[in-house]
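Participant: Just so it is clear, I am handing over work-v8.cif, which has mmCIF, C-alpha atoms.
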data_data
loop_
_atom_site.label_atom_id
_atom_site.label_comp_id
_atom_site.auth_asym_id
_atom_site.auth_seq_id
_atom_site.Cartn_x
_atom_site.Cartn_y
_atom_site.Cartn_z
CA MET A 1 -11.80 31.11 1.44
CA ALA A 2 -14.83 30.61 3.68
CA LEU A 3 -18.28 30.24 2.16
CA ARG A 4 -20.49 33.14 3.15
CA ALA A 5 -24.18 33.77 2.84
CA PRO A 6 -25.69 37.27 3.03
CA ARG A 7 -26.32 38.29 6.62
CA ARG A 8 -29.94 38.84 7.64
CA PRO A 9 -29.68 40.22 11.19
CA LYS A 10 -33.42 40.84 11.61
CA THR A 11 -34.33 37.44 10.22
CA GLU A 12 -31.81 35.68 12.42
CA ALA A 13 -32.92 37.62 15.48
CA ALA A 14 -36.54 36.63 14.83
CA VAL A 15 -35.66 32.95 14.65
CA LEU A 16 -33.52 33.04 17.79
CA SER A 17 -36.26 34.87 19.68
CA TRP A 18 -38.82 32.31 18.56
CA LEU A 19 -36.66 29.49 19.86
CA ASP A 20 -36.14 31.20 23.21
CA ALA A 21 -39.88 31.67 23.56
CA HIS A 22 -40.61 28.06 22.62
CA ALA A 23 -37.85 26.38 24.64
CA PRO A 24 -40.38 24.70 26.99
CA ASP A 25 -42.13 23.24 23.92
CA LEU A 26 -38.78 22.00 22.60
CA PHE A 27 -38.01 20.14 25.83
CA ARG A 28 -41.56 18.78 26.01
CA ARG A 29 -41.33 17.44 22.48
CA ALA A 30 -37.97 15.83 23.27
CA ARG A 31 -39.56 14.09 26.28
CA TRP A 32 -42.40 12.82 24.08
CA LEU A 33 -39.87 11.39 21.65
CA VAL A 34 -38.04 9.64 24.50
CA ALA A 35 -41.32 8.25 25.81
CA GLN A 36 -41.77 6.27 22.59
CA PRO A 37 -39.79 2.98 22.80
CA THR A 38 -38.11 3.03 19.39
CA ASP A 39 -35.69 0.16 19.96
CA GLY A 40 -35.84 -3.20 18.24
CA GLY A 41 -37.52 -2.01 15.04
CA ARG A 42 -40.28 0.04 16.70
CA GLU A 43 -39.41 3.35 15.04
CA ALA A 44 -42.95 4.06 13.82
CA LEU A 45 -43.95 5.13 17.33
CA GLY A 46 -41.42 7.95 17.28
CA GLN A 47 -42.03 8.94 13.68
CA ALA A 48 -45.64 9.73 14.58
CA ILE A 49 -44.36 12.29 17.11
CA VAL A 50 -42.03 13.82 14.51
CA ALA A 51 -44.86 14.09 11.97
CA ASP A 52 -47.20 15.65 14.53
CA ALA A 53 -44.64 18.36 15.29
CA LEU A 54 -44.31 19.30 11.62
CA ARG A 55 -47.90 19.68 10.47
CA TYR A 56 -47.51 22.82 8.37
CA PRO A 57 -48.90 23.48 4.88
CA GLU A 58 -45.46 24.76 3.88
CA LEU A 59 -43.87 21.35 4.52
CA GLN A 60 -44.00 18.29 2.31
CA ILE A 61 -44.15 15.20 4.54
CA GLU A 62 -43.05 11.85 3.13
CA ARG A 63 -43.19 8.55 4.99
CA TRP A 64 -41.47 5.73 3.15
CA GLU A 65 -40.25 2.27 4.01
CA PRO A 66 -36.90 1.26 2.50
CA ASP A 67 -37.20 -1.16 -0.39
CA PRO A 68 -34.91 -4.19 0.21
CA ALA A 69 -34.17 -4.22 -3.53
CA LEU A 70 -32.25 -0.96 -3.07
CA PHE A 71 -29.55 -2.75 -1.09
CA ARG A 72 -29.03 -5.73 -3.37
CA GLY A 73 -25.31 -6.32 -3.74
CA HIS A 74 -24.26 -3.19 -1.86
CA PRO A 75 -21.12 -3.89 0.21
CA GLY A 76 -22.08 -1.47 2.99
CA TYR A 77 -25.52 -2.92 3.68
CA LEU A 78 -26.03 -4.52 7.08
CA PRO A 79 -29.51 -6.06 7.40
CA PRO A 80 -31.26 -4.53 10.41
CA THR A 81 -33.20 -6.29 13.13
CA GLY A 82 -36.52 -7.36 11.65
CA GLU A 83 -38.07 -6.30 8.37
CA PHE A 84 -38.73 -2.81 7.01
CA HIS A 85 -42.50 -3.20 7.06
CA GLY A 86 -43.99 -0.69 9.48
CA ARG A 87 -40.66 1.11 9.90
CA PRO A 88 -40.81 4.26 7.80
CA ASN A 89 -38.24 6.95 7.26
CA LEU A 90 -39.91 10.33 7.64
CA PHE A 91 -38.75 13.31 5.56
CA ALA A 92 -40.11 16.84 5.94
CA THR A 93 -39.14 19.20 3.11
CA LEU A 94 -39.37 22.98 2.98
CA PRO A 95 -38.96 23.76 -0.74
CA GLY A 96 -36.73 26.67 -1.66
CA SER A 97 -37.68 29.53 -3.93
CA GLY A 98 -34.62 28.90 -6.09
CA GLY A 99 -31.02 30.05 -6.31
CA GLY A 100 -29.90 28.71 -2.93
CA ARG A 101 -28.05 25.67 -1.62
CA SER A 102 -29.87 22.67 -0.20
CA LEU A 103 -29.40 21.46 3.38
CA ALA A 104 -30.46 18.20 5.01
CA LEU A 105 -30.79 17.79 8.77
CA ASN A 106 -30.40 14.07 9.42
CA GLY A 107 -31.19 12.29 12.66
CA HIS A 108 -32.00 8.73 13.65
CA ILE A 109 -35.16 7.95 15.56
CA ASP A 110 -34.07 4.45 16.68
CA VAL A 111 -32.26 3.85 19.95
CA VAL A 112 -30.51 0.95 21.66
CA PRO A 113 -32.46 -1.06 24.26
CA PRO A 114 -32.33 0.22 27.84
CA GLY A 115 -30.70 -2.94 29.19
CA ASP A 116 -31.27 -3.84 32.82
CA ARG A 117 -34.09 -1.47 33.76
CA GLU A 118 -33.60 -2.23 37.47
CA ARG A 119 -30.29 -0.35 37.34
CA TRP A 120 -31.88 2.87 36.09
CA GLY A 121 -32.79 5.52 38.64
CA PHE A 122 -36.02 6.16 36.73
CA ASP A 123 -38.12 4.71 33.92
CA PRO A 124 -35.85 4.89 30.83
CA TRP A 125 -38.91 5.57 28.63
CA HIS A 126 -40.42 8.24 30.86
CA GLY A 127 -38.59 11.28 29.53
CA LYS A 128 -37.72 12.76 32.93
CA GLU A 129 -36.69 16.43 33.14
CA ASP A 130 -35.18 18.69 35.77
CA ARG A 131 -33.89 22.26 35.57
CA ALA A 132 -30.69 21.31 33.79
CA ARG A 133 -31.13 18.03 31.93
CA LEU A 134 -33.42 15.70 30.03
CA TYR A 135 -33.22 12.03 31.06
CA GLY A 136 -34.13 8.75 29.40
CA ARG A 137 -33.05 6.28 26.75
CA GLY A 138 -32.11 8.17 23.61
CA THR A 139 -31.88 11.68 25.07
CA ALA A 140 -28.25 11.97 23.97
CA ASP A 141 -28.31 9.41 21.14
CA MET A 142 -30.02 11.13 19.58
CA LYS A 143 -33.53 12.32 20.30
CA GLY A 144 -32.21 15.50 21.90
CA GLY A 145 -30.44 16.29 18.64
CA LEU A 146 -33.46 15.28 16.56
CA ALA A 147 -35.71 17.54 18.65
CA ALA A 148 -33.26 20.41 18.07
CA GLN A 149 -33.49 19.78 14.32
CA ILE A 150 -37.28 19.71 14.42
CA PHE A 151 -37.44 23.03 16.24
CA ALA A 152 -34.86 24.67 13.98
CA LEU A 153 -37.20 23.86 11.09
CA LYS A 154 -40.28 24.93 13.04
CA ALA A 155 -38.66 28.26 13.94
CA ILE A 156 -38.03 29.07 10.29
CA VAL A 157 -41.54 28.06 9.20
CA GLU A 158 -43.36 29.83 12.02
CA SER A 159 -41.28 32.99 11.52
CA GLY A 160 -42.65 33.16 7.98
CA ILE A 161 -39.22 32.92 6.36
CA ARG A 162 -38.86 31.69 2.81
CA LEU A 163 -35.53 30.14 1.96
CA ARG A 164 -33.86 30.16 -1.43
CA GLY A 165 -32.48 26.66 -1.05
CA THR A 166 -34.42 23.57 0.01
CA LEU A 167 -34.28 22.56 3.67
CA GLN A 168 -35.10 18.96 4.55
CA LEU A 169 -35.39 17.14 7.86
CA GLN A 170 -34.61 13.42 7.61
CA SER A 171 -35.74 11.27 10.54
CA VAL A 172 -34.27 7.88 9.67
CA ILE A 173 -34.54 4.35 10.99
CA ALA A 174 -32.03 1.58 11.76
CA GLU A 175 -28.93 3.68 12.42
CA GLU A 176 -28.09 1.56 15.45
CA ASP A 177 -28.32 -1.56 13.26
CA GLY A 178 -25.88 -0.28 10.65
CA GLY A 179 -27.48 2.68 8.88
CA ALA A 180 -30.03 1.12 6.53
CA GLY A 181 -32.35 4.15 6.79
CA THR A 182 -29.79 6.67 5.58
CA LEU A 183 -28.25 4.23 3.11
CA ALA A 184 -31.68 3.71 1.54
CA SER A 185 -32.00 7.47 1.12
CA VAL A 186 -28.59 7.66 -0.56
CA LEU A 187 -29.28 4.73 -2.86
CA ARG A 188 -32.63 6.08 -4.01
CA GLY A 189 -30.86 9.27 -5.08
CA ASP A 190 -31.47 11.79 -2.28
CA ARG A 191 -28.70 14.39 -2.42
CA ALA A 192 -28.22 17.65 -0.51
CA ASP A 193 -25.42 20.17 -0.92
CA LEU A 194 -24.70 19.69 2.79
CA THR A 195 -25.96 17.30 5.47
CA ILE A 196 -25.77 17.95 9.22
CA ILE A 197 -26.24 14.89 11.43
CA SER A 198 -27.03 15.72 15.05
CA GLU A 199 -25.17 12.96 16.84
CA PRO A 200 -23.87 13.96 20.30
CA THR A 201 -20.77 16.10 19.77
CA GLY A 202 -21.08 18.41 22.79
CA LEU A 203 -21.81 21.28 20.35
CA ALA A 204 -18.48 20.74 18.59
CA LEU A 205 -18.30 20.43 14.83
CA GLY A 206 -17.49 16.84 13.96
CA THR A 207 -15.62 16.93 10.65
CA SER A 208 -14.51 13.29 10.78
CA HIS A 209 -15.31 10.11 12.64
CA CYS A 210 -13.78 6.70 13.07
CA GLY A 211 -15.14 3.46 11.74
CA ARG A 212 -15.18 0.09 13.39
CA LEU A 213 -14.47 -3.58 12.80
CA LEU A 214 -16.09 -6.44 14.75
CA PHE A 215 -14.06 -9.50 15.65
CA ARG A 216 -14.54 -12.86 17.35
CA LEU A 217 -11.84 -14.92 19.07
CA THR A 218 -12.47 -18.58 19.84
CA VAL A 219 -10.12 -20.18 22.38
CA ILE A 220 -9.96 -23.93 22.93
CA GLY A 221 -8.83 -25.43 26.25
CA LYS A 222 -8.93 -28.92 27.76
CA GLY A 223 -11.95 -29.80 29.82
CA THR A 224 -11.97 -32.00 32.89
CA HIS A 225 -13.51 -32.16 36.37
CA ALA A 226 -13.00 -28.97 38.36
CA ALA A 227 -11.59 -30.94 41.30
CA VAL A 228 -8.55 -31.82 39.20
CA ARG A 229 -8.33 -28.54 37.30
CA ASP A 230 -4.55 -28.80 37.10
CA ARG A 231 -5.01 -31.69 34.65
CA GLY A 232 -7.07 -29.53 32.33
CA VAL A 233 -6.54 -26.21 30.58
CA SER A 234 -9.02 -23.43 31.20
CA ALA A 235 -10.03 -21.68 27.97
CA ILE A 236 -11.11 -18.69 30.06
CA GLU A 237 -7.65 -18.35 31.63
CA LYS A 238 -6.03 -18.57 28.21
CA ALA A 239 -8.49 -15.98 26.92
CA SER A 240 -7.20 -13.58 29.58
CA ILE A 241 -3.75 -13.74 27.91
CA LEU A 242 -5.35 -12.56 24.68
CA HIS A 243 -7.22 -9.83 26.52
CA GLU A 244 -3.94 -8.46 27.79
CA ALA A 245 -2.53 -8.58 24.24
CA ILE A 246 -5.53 -6.62 22.98
CA GLN A 247 -5.01 -3.98 25.66
CA ARG A 248 -1.36 -3.64 24.63
CA LEU A 249 -2.40 -3.26 20.99
CA GLU A 250 -4.86 -0.52 21.94
CA ALA A 251 -2.12 1.35 23.82
CA GLU A 252 0.22 1.06 20.84
CA ARG A 253 -2.36 2.34 18.37
CA ASN A 254 -3.14 5.33 20.59
CA ARG A 255 0.53 6.27 21.04
CA GLY A 256 0.97 6.89 17.33
CA ARG A 257 0.45 10.15 15.49
CA ARG A 258 -3.12 11.26 15.16
CA PRO A 259 -4.98 13.97 13.23
CA ALA A 260 -5.33 17.27 15.06
CA GLU A 261 -9.09 16.93 15.46
CA PHE A 262 -8.63 13.78 17.57
CA ARG A 263 -6.03 15.14 19.99
CA HIS A 264 -8.63 15.96 22.63
CA LEU A 265 -9.25 12.24 23.18
CA ARG A 266 -7.10 10.09 25.45
CA THR A 267 -8.22 6.95 23.60
CA TRP A 268 -9.34 7.70 20.08
CA LEU A 269 -8.90 4.15 18.75
CA ALA A 270 -10.52 1.84 21.26
CA VAL A 271 -10.22 -1.94 21.03
CA ASN A 272 -13.00 -3.15 23.29
CA LEU A 273 -14.03 -6.64 24.34
CA GLY A 274 -17.79 -6.35 24.65
CA ARG A 275 -18.85 -9.95 25.11
CA ILE A 276 -17.36 -13.13 26.59
CA GLU A 277 -18.85 -16.60 26.74
CA GLY A 278 -17.10 -19.60 28.20
CA GLY A 279 -17.59 -22.88 29.97
CA THR A 280 -20.73 -24.86 30.70
CA LYS A 281 -20.77 -25.64 34.44
CA ALA A 282 -19.01 -24.51 37.60
CA THR A 283 -17.86 -28.10 38.16
CA MET A 284 -15.99 -28.29 34.86
CA VAL A 285 -12.78 -26.74 33.55
CA PRO A 286 -13.99 -24.66 30.57
CA GLU A 287 -12.82 -26.12 27.28
CA ARG A 288 -14.03 -23.26 25.09
CA ALA A 289 -14.25 -19.47 25.38
CA VAL A 290 -15.51 -16.94 22.83
CA LEU A 291 -14.59 -13.26 22.93
CA GLU A 292 -16.26 -10.64 20.75
CA GLY A 293 -15.04 -7.09 20.38
CA ARG A 294 -14.92 -3.85 18.46
CA MET A 295 -11.80 -2.31 16.94
CA GLY A 296 -11.69 1.39 16.06
CA LEU A 297 -10.74 2.23 12.47
CA PRO A 298 -9.37 5.75 11.87
CA PRO A 299 -9.88 7.82 8.73
CA GLY A 300 -7.17 6.91 6.25
CA GLU A 301 -6.40 3.39 7.50
CA ALA A 302 -7.42 0.44 5.35
CA ALA A 303 -9.49 -2.20 7.11
CA ASP A 304 -7.04 -4.92 6.06
CA HIS A 305 -4.18 -3.01 7.72
CA ALA A 306 -6.05 -2.82 11.04
CA LYS A 307 -7.04 -6.48 10.81
CA ALA A 308 -3.41 -7.49 10.25
CA ALA A 309 -2.37 -5.52 13.37
CA LEU A 310 -4.80 -7.47 15.56
CA GLN A 311 -3.79 -10.75 13.95
CA ARG A 312 -0.11 -10.08 14.71
CA SER A 313 -0.89 -9.17 18.31
CA ILE A 314 -2.83 -12.39 18.87
CA ARG A 315 -0.17 -14.47 17.13
CA ARG A 316 2.66 -13.03 19.24
CA ALA A 317 0.80 -13.52 22.51
CA SER A 318 -0.08 -17.10 21.56
CA ALA A 319 3.53 -17.92 20.64
CA ARG A 320 4.64 -17.07 24.20
CA ASP A 321 2.23 -19.56 25.77
CA LYS A 322 2.89 -23.31 25.41
CA TRP A 323 -0.78 -24.26 25.13
CA LEU A 324 -1.82 -21.47 22.77
CA ALA A 325 1.24 -22.04 20.61
CA LYS A 326 0.01 -25.59 19.94
CA HIS A 327 -3.70 -24.67 19.94
CA PRO A 328 -3.85 -21.22 18.35
CA PRO A 329 -7.07 -19.25 18.82
CA MET A 330 -9.28 -18.63 15.82
CA LEU A 331 -9.79 -14.99 14.82
CA GLU A 332 -12.87 -14.15 12.75
CA TRP A 333 -14.31 -10.86 11.48
CA PHE A 334 -18.06 -10.60 11.41
CA GLY A 335 -20.70 -8.10 10.45
CA VAL A 336 -20.29 -5.43 7.81
CA PRO A 337 -17.36 -3.05 8.46
CA SER A 338 -18.49 0.47 9.31
CA GLY A 339 -15.98 2.76 7.68
CA PRO A 340 -14.78 6.19 8.75
CA GLY A 341 -16.30 9.43 7.47
CA LYS A 342 -14.58 12.72 6.69
CA LEU A 343 -15.54 16.18 5.46
CA ARG A 344 -13.15 17.26 2.73
CA ALA A 345 -14.20 20.89 2.39
CA PRO A 346 -12.33 23.35 4.65
CA SER A 347 -14.52 26.21 3.41
CA ILE A 348 -17.62 24.45 4.79
CA THR A 349 -15.87 23.91 8.11
CA ALA A 350 -15.12 27.64 8.35
CA PHE A 351 -18.68 28.51 7.34
CA LEU A 352 -20.27 26.28 9.98
CA ARG A 353 -17.83 27.29 12.70
CA ALA A 354 -18.98 30.89 12.29
CA CYS A 355 -22.61 29.86 12.83
CA GLY A 356 -21.80 29.14 16.47
CA ARG A 357 -20.61 32.62 17.34
CA PRO A 358 -24.01 34.37 17.79
CA VAL A 359 -25.11 31.63 20.22
CA LEU A 360 -21.93 30.52 21.99
CA ARG A 361 -19.96 33.77 21.56
CA ARG A 362 -17.21 31.79 19.91
CA PRO A 363 -16.76 29.73 16.76
CA LEU A 364 -17.61 26.06 16.98
CA ALA A 365 -14.69 23.88 18.03
CA VAL A 366 -13.61 21.28 15.46
CA ARG A 367 -13.39 17.71 16.71
CA GLY A 368 -13.02 14.20 15.37
CA MET A 369 -15.45 11.68 16.82
CA PRO A 370 -14.28 8.21 17.93
CA TYR A 371 -17.61 6.56 17.13
CA GLY A 372 -19.21 5.51 13.86
CA SER A 373 -22.25 7.21 12.34
CA ASP A 374 -24.36 7.62 9.21
CA MET A 375 -22.04 10.45 8.17
CA ARG A 376 -19.86 7.93 6.34
CA LEU A 377 -22.80 7.04 4.07
CA ILE A 378 -23.04 10.66 2.94
CA THR A 379 -19.32 11.40 2.59
CA GLU A 380 -18.09 8.04 1.28
CA VAL A 381 -21.08 6.55 -0.59
CA ALA A 382 -22.99 9.62 -1.80
CA ARG A 383 -19.72 11.61 -2.02
CA ARG A 384 -21.40 14.70 -0.61
CA PRO A 385 -20.27 16.89 2.31
CA ALA A 386 -21.59 16.07 5.76
CA VAL A 387 -20.72 16.94 9.36
CA LEU A 388 -21.74 15.88 12.84
CA PHE A 389 -23.17 18.48 15.20
CA GLY A 390 -25.47 18.04 18.17
CA PRO A 391 -26.00 18.22 21.92
CA GLY A 392 -24.76 15.69 24.44
CA ASP A 393 -21.71 13.65 25.44
CA ILE A 394 -20.93 10.34 23.74
CA ALA A 395 -20.17 8.88 27.20
CA GLU A 396 -23.89 9.28 28.03
CA THR A 397 -24.99 7.15 25.08
CA HIS A 398 -25.81 3.45 25.36
CA ALA A 399 -25.49 3.98 29.12
CA ILE A 400 -27.63 3.63 32.23
CA ASN A 401 -29.35 6.91 33.25
CA GLU A 402 -28.66 8.52 29.86
CA SER A 403 -29.20 12.29 29.77
CA VAL A 404 -28.48 15.46 27.81
CA PRO A 405 -28.10 19.11 28.93
CA LYS A 406 -31.16 21.19 28.09
CA ALA A 407 -29.00 24.23 27.41
CA GLU A 408 -27.14 22.29 24.72
CA VAL A 409 -30.38 21.12 23.08
CA LEU A 410 -31.61 24.73 22.82
CA ALA A 411 -28.23 26.01 21.63
CA ALA A 412 -28.10 23.26 18.99
CA ALA A 413 -31.53 24.27 17.69
CA LYS A 414 -30.40 27.89 17.39
CA ILE A 415 -27.14 27.07 15.61
CA LEU A 416 -28.88 24.67 13.22
CA ALA A 417 -31.44 27.35 12.38
CA LEU A 418 -28.72 29.92 11.73
CA ALA A 419 -26.85 27.42 9.56
CA ALA A 420 -29.99 26.85 7.51
CA LEU A 421 -30.65 30.57 7.03
CA ARG A 422 -27.08 31.28 5.99
CA TRP A 423 -26.52 28.17 3.90
CA CYS A 424 -29.82 28.09 2.04
CA GLY A 425 -30.15 31.88 1.79
CA VAL A 426 -33.23 33.94 2.58
CA HIS A 427 -35.62 35.03 -0.14
CA ASP A 428 -35.88 38.83 -0.27
CA SER A 429 -39.61 38.84 0.42
CA GLY A 430 -38.96 37.06 3.72
CA ALA A 431 -36.14 39.29 4.89
#
Would you mind giving the structure from this file in structure tokens?

Facilitator:
Amino acid sequence: MALRAPRRPKTEAAVLSWLDAHAPDLFRRARWLVAQPTDGGREALGQAIVADALRYPELQIERWEPDPALFRGHPGYLPPTGEFHGRPNLFATLPGSGGGRSLALNGHIDVVPPGDRERWGFDPWHGKEDRARLYGRGTADMKGGLAAQIFALKAIVESGIRLRGTLQLQSVIAEEDGGAGTLASVLRGDRADLTIISEPTGLALGTSHCGRLLFRLTVIGKGTHAAVRDRGVSAIEKASILHEAIQRLEAERNRGRRPAEFRHLRTWLAVNLGRIEGGTKATMVPERAVLEGRMGLPPGEAADHAKAALQRSIRRASARDKWLAKHPPMLEWFGVPSGPGKLRAPSITAFLRACGRPVLRRPLAVRGMPYGSDMRLITEVARRPAVLFGPGDIAETHAINESVPKAEVLAAAKILALAALRWCGVHDSGA
């Protein structure tokens, strides 16, 4: 049976009208967020923009830096780049009047570096805008979604609505480094009845997401002068044999049965080689090559099972090559595994799907997401329900010329506001 909150047509109409009227402000604020370089531990620049947008007496603003002692001994903790000093989480809380359910809107303020800026068609930190899209590093991942969350909260506050349940916006740090910002919140005891994380889902409801494992393959060859390369063994050439084996493994894993929410994806379990290093000089046969990659981990599969699958694939490929059979490559796993996340409450799925109808004229589609996110920290560590929902396409993230559709950013803000009204409940005096 779906969870239902009392309908408040006039209240909902007021919030949607406010968002329509303030759409230019929403896009402007998103551009300001993008214009703050929040990569490499510089989140404080963006948090100042978030705080400035939420200066209301009704809101309780808390800036707090994670205490490293919180993470001591926790198996899911991945130390981020740099220290926590000067890198605050920022929480804005609208207290409820009582008798309602609490909702957290969670978004990360940090972004990945822009990479080779010469390849961008514009300044990645400029926050460029045209009639249809917002452009710049972080527009899709996930400052567009964070801006939508901010304006959903602003719309409720400025419309003079009092909620029964508490509504909290959580702008967190270090998601790209492994999720220390959200994990710190979980470990200090923050709990909401539901958390919505506005990662780019293309306005679909992400009820599960994959995890990931990081691996390193070291291949040893036989070095010699390049002029007599046939007397040596190129580690790079032997590494290509392993690359082909990894591609075959990826194809096998994607041919198997998959949950319904992942059937829209051609490749839902990617095994990607993201880095290769080999050789020392053009005049030498390379005697060593190192490959580093990422292996998708689906909900329900143990990490050890996935690791064994890659190990078997490498072993079989090596056994078919005379050199690799005698000099087997070394497979290592590094970093902290990022596990899958999954919502285990069908009634919440039905409730949130219905929140899309007034805006999109249809219920929200349900999708599984192939990427990792902070959702797993809510569903698997805090053991509380959480979903992914936000504007943008995952293919735009971590990419040159990143962008997000403006229409999706506005629609996300509207749907998030409706979800808050219906989930938290509206106090009678604000109806």

Participant: Quick one: which residues end up in the PyMOL selection byres ((chain A and resi 285-289) around 6) for this structure, as a ChimeraX atom specification?

Facilitator: /A:218-224,226,234-236,277-279,284,290

Participant: Can you tell me which residues surround Ile394 (chain A) at a distance of at most 8 Å, considering all atoms listed in the file, apart from same-chain residues fewer than 5 positions away, and format the answer as number ranges by chain?

Facilitator: A: 140-141, 200-201

Participant: Could you list, as JSON, numbers by chain, every residue matched by the PyMOL selection byres ((chain A and resi 73-81) around 8) in this structure?

Facilitator: {"A": [40, 41, 71, 72, 82, 83, 174, 177, 178, 179, 180, 183, 335, 336, 337, 338]}

Participant: Counting only C-alpha atoms, note down every residue that has an atom within 12 Å of the point (-4.5, 14.4, 13.6) (file coordinates), as a ChimeraX atom specification.

Facilitator: /A:207-209,254,256-265,268,298-300,366-369

Participant: Selection from above, C-alpha atoms, as a short mmCIF file (atom, residue, chain, number, x, y, z; two decimals), in the coordinates of the input, can you write it?

Facilitator:
data_model
loop_
_atom_site.label_atom_id
_atom_site.label_comp_id
_atom_site.auth_asym_id
_atom_site.auth_seq_id
_atom_site.Cartn_x
_atom_site.Cartn_y
_atom_site.Cartn_z
CA THR A 207 -15.62 16.93 10.65
CA SER A 208 -14.51 13.29 10.78
CA HIS A 209 -15.31 10.11 12.64
CA ASN A 254 -3.14 5.33 20.59
CA GLY A 256 0.97 6.89 17.33
CA ARG A 257 0.45 10.15 15.49
CA ARG A 258 -3.12 11.26 15.16
CA PRO A 259 -4.98 13.97 13.23
CA ALA A 260 -5.33 17.27 15.06
CA GLU A 261 -9.09 16.93 15.46
CA PHE A 262 -8.63 13.78 17.57
CA ARG A 263 -6.03 15.14 19.99
CA HIS A 264 -8.63 15.96 22.63
CA LEU A 265 -9.25 12.24 23.18
CA TRP A 268 -9.34 7.70 20.08
CA PRO A 298 -9.37 5.75 11.87
CA PRO A 299 -9.88 7.82 8.73
CA GLY A 300 -7.17 6.91 6.25
CA VAL A 366 -13.61 21.28 15.46
CA ARG A 367 -13.39 17.71 16.71
CA GLY A 368 -13.02 14.20 15.37
CA MET A 369 -15.45 11.68 16.82
#

Participant: Starting from the shown file, work through the PyMOL selection byres ((chain A and resi 125) around 9) and note down what comes out as a list in words.

Facilitator: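 Output from the PyMOL selection byres ((chain A and resi 125) around 9), applied to this file: Arg31, Val34, Ala35, Gln36, Pro37, Pro114, Phe122, Asp123, Pro124, His126, Gly127, Lys128, Tyr135, Gly136, Arg137 and Gly138 of chain A.
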
Participant: Between CA of Lys238 (chain A) and CA of Leu324 (chain A), what is the distance, to one decimal in Å?

Facilitator: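 Separating CA of Lys238 (chain A) from CA of Leu324 (chain A) is a distance of 7.5 Å.
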